[in-house]
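Enquirer: Pasting query_6.cif below, which is mmCIF, C-alpha atoms.
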data_query
#
loop_
_atom_site.label_atom_id
_atom_site.label_comp_id
_atom_site.auth_asym_id
_atom_site.auth_seq_id
_atom_site.Cartn_x
_atom_site.Cartn_y
_atom_site.Cartn_z
CA MET E 617 146.30 72.51 74.62
CA THR E 618 146.27 74.81 71.57
CA ILE E 619 145.37 77.87 73.64
CA THR E 620 148.17 77.01 76.08
CA LEU E 621 150.66 76.80 73.21
CA LEU E 622 149.41 80.09 71.79
CA LEU E 623 149.81 81.82 75.15
CA LEU E 624 153.27 80.29 75.56
CA ALA E 625 154.30 81.58 72.12
CA CYS E 626 153.08 85.06 73.13
CA LEU E 627 154.89 84.95 76.47
CA LEU E 628 158.16 83.77 74.92
CA THR E 629 157.98 86.44 72.24
CA CYS E 630 157.21 89.09 74.83
CA ALA E 631 160.08 87.90 77.03
CA GLY E 632 162.38 88.05 74.01
CA GLN E 633 161.35 91.62 73.29
CA VAL E 634 161.91 92.64 76.91
CA ALA E 635 165.36 91.00 76.82
CA GLN E 636 166.09 92.94 73.62
CA LYS E 637 165.23 96.17 75.41
CA TYR E 638 167.54 95.29 78.29
CA ALA E 639 170.28 94.32 75.82
CA VAL E 640 170.23 97.68 74.05
CA GLU E 641 170.04 99.50 77.38
CA SER E 642 173.16 97.63 78.53
CA TRP E 643 174.99 98.81 75.39
CA ARG E 644 174.74 102.48 76.34
CA GLY E 645 178.23 103.90 76.73
CA LEU E 646 179.93 100.95 75.05
CA GLU E 647 182.13 101.37 72.04
CA SER E 648 180.38 100.95 68.71
CA GLY E 649 182.12 97.62 68.05
CA ILE E 650 180.06 94.47 67.98
CA ALA E 651 182.36 92.24 70.06
CA LEU E 652 181.32 93.71 73.42
CA LYS E 653 177.67 93.73 72.42
CA LEU E 654 177.76 90.04 71.56
CA ARG E 655 178.76 89.29 75.16
CA SER E 656 175.50 90.65 76.52
CA PRO E 657 173.57 87.92 78.36
CA TRP E 658 170.39 89.86 77.56
CA LEU E 659 171.06 89.47 73.85
CA TRP E 660 171.46 85.71 74.20
CA LEU E 661 168.36 85.47 76.39
CA ALA E 662 166.44 87.39 73.71
CA LEU E 663 167.63 85.00 71.01
CA LEU E 664 166.74 81.99 73.16
CA CYS E 665 163.24 83.25 73.98
CA LEU E 666 162.51 84.29 70.41
CA GLY E 667 163.84 80.98 69.07
CA LEU E 668 161.72 78.96 71.48
CA GLY E 669 158.76 81.19 70.69
CA LEU E 670 159.21 80.38 67.00
CA LEU E 671 159.22 76.64 67.70
CA VAL E 672 156.08 76.89 69.82
CA TRP E 673 154.48 79.06 67.13
CA LEU E 674 155.08 76.27 64.59
CA LEU E 675 153.18 73.90 66.88
CA VAL E 676 150.34 76.42 67.05
CA LEU E 677 150.20 76.63 63.25
CA GLN E 678 149.83 72.84 63.09
CA ARG E 679 146.68 73.10 65.18
CA LEU E 680 145.02 76.37 64.11
CA GLU E 681 144.26 78.06 60.84
CA VAL E 682 146.67 80.92 60.26
CA SER E 683 143.76 83.34 59.84
CA ILE E 684 142.82 82.63 63.47
CA ALA E 685 146.27 82.05 64.97
CA TYR E 686 148.13 85.07 63.61
CA PRO E 687 145.77 87.76 64.92
CA MET E 688 146.01 86.10 68.35
CA LEU E 689 149.65 87.21 68.44
CA SER E 690 148.31 90.72 68.89
CA LEU E 691 148.16 89.75 72.56
CA ASN E 692 151.82 90.73 72.45
CA PHE E 693 150.70 94.36 72.15
CA VAL E 694 148.77 93.94 75.38
CA LEU E 695 151.64 92.21 77.20
CA ILE E 696 154.26 94.69 76.00
CA THR E 697 152.05 97.62 77.01
CA LEU E 698 151.76 96.17 80.52
CA VAL E 699 155.51 95.58 80.68
CA ALA E 700 156.20 99.09 79.41
CA ARG E 701 153.94 100.58 82.05
CA TYR E 702 154.87 98.52 85.08
CA LEU E 703 158.45 97.39 84.43
CA PHE E 704 159.86 100.29 82.42
CA LYS E 705 157.60 102.92 84.09
CA GLU E 706 156.53 104.37 80.74
CA ASN E 707 153.53 106.67 80.61
CA ILE E 708 150.64 105.08 78.69
CA ASP E 709 147.90 107.47 77.64
CA LEU E 710 144.15 106.82 77.49
CA ARG E 711 144.13 106.38 73.72
CA HIS E 712 146.74 103.63 74.03
CA TRP E 713 144.71 101.85 76.73
CA CYS E 714 141.61 102.08 74.52
CA GLY E 715 143.61 100.45 71.72
CA VAL E 716 144.66 97.68 74.10
CA GLY E 717 140.99 97.14 74.99
CA LEU E 718 140.10 96.86 71.30
CA VAL E 719 142.89 94.32 70.76
CA ILE E 720 141.57 92.23 73.65
CA ALA E 721 138.04 92.43 72.22
CA GLY E 722 139.35 91.27 68.85
CA VAL E 723 141.21 88.34 70.38
CA VAL E 724 138.08 87.33 72.30
CA LEU E 725 136.00 87.46 69.11
CA LEU E 726 138.53 85.40 67.18
CA GLY E 727 138.98 83.00 70.08
CA GLN E 728 135.34 81.99 69.81
CA HIS E 729 136.17 80.37 66.45
CA ALA E 730 139.18 78.45 67.76
#
Is it possible to give me this structure as structure tokens?
Expert:
Amino acid sequence: MTITLLLLACLLTCAGQVAQKYAVESWRGLESGIALKLRSPWLWLALLCLGLGLLVWLLVLQRLEVSIAYPMLSLNFVLITLVARYLFKENIDLRHWCGVGLVIAGVVLLGQHA
């Protein structure tokens, strides 16, 4: 159950970050005023996902030591890299992929203590 909650917190946070990206992309060409920007459904989706992610994260912290739980959030780097590559068509170089591999190795090592 704890691992499921941890993965859900990561997914919600990642979804919130993707929605943030779409929100700022939708603001291109708009006036600098905030009123139009506040109408962006992407902004509200980002706030919803990040808010839910926070609530799930609190449940994770009830079940895991913070020294184990917090580094597990580095899975977000992996998820966001995949989203950047496949959804936003960004070029990811070999050094970046090696870093992603190291993050995964670190999560696996920490996960053995959970």
Enquirer: Would you list the contacts of E:Leu670 as a PyMOL selection string, taking every protein, DNA or RNA residue within 10 Å and counting only C-alpha atoms, but skipping same-chain residues closer than 6 positions in sequence?
Expert: chain E and resi 625-626+628-629+664+676
Enquirer: May I have the residues from that selection written out with C-alpha atoms, as a compact mmCIF listing (two decimals), in the coordinates of the input?
Expert:
# COMPACT_ATOMS: atom_id res chain seq x y z
CA ALA E 625 154.30 81.58 72.12
CA CYS E 626 153.08 85.06 73.13
CA LEU E 628 158.16 83.77 74.92
CA THR E 629 157.98 86.44 72.24
CA LEU E 664 166.74 81.99 73.16
CA VAL E 676 150.34 76.42 67.05
Enquirer: List, as an MDAnalysis selection string, every residue that the PyMOL selection byres ((chain E and resi 687) around 12) selects in the file provided.
Expert: chainID E and resid 622 626 680:686 688:693 719:727 730
Enquirer: One decimal, Å: what's the distance from atom CA of E:Val634 over to atom CA of E:Leu666, could you say?
Expert: 10.6 Å
Enquirer: Could you tell me how far atom CA of E:Cys630 sits from atom CA of E:Arg679, in Å to one decimal place?
Expert: 21.4 Å
Enquirer: Between atom CA of E:Tyr638 and atom CA of E:Leu671, what distance in Å does the model show, to one decimal?
Expert: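 Interatomic distance here is 23.0 Å.
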Enquirer: Going by the chain IDs and residue numbers used in this file, which residues fall under the PyMOL selection byres ((chain E and resi 649-658) around 9)? Write them as a list in words.
Expert: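 This file, filtered by the PyMOL selection byres ((chain E and resi 649-658) around 9), leaves Gly632, Val634, Ala635, Gln636, Lys637, Tyr638, Ala639, Val640, Ser642, Trp643, Leu646, Glu647, Ser648, Leu659, Trp660, Leu661, Ala662 and Leu663 of chain E.
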Enquirer: Using only C-alpha atoms, can you tell me which of E:Gly717, E:Gln633, E:Leu677, E:Gln728 comes closest to E:Ala700?
Expert: E:Gln633
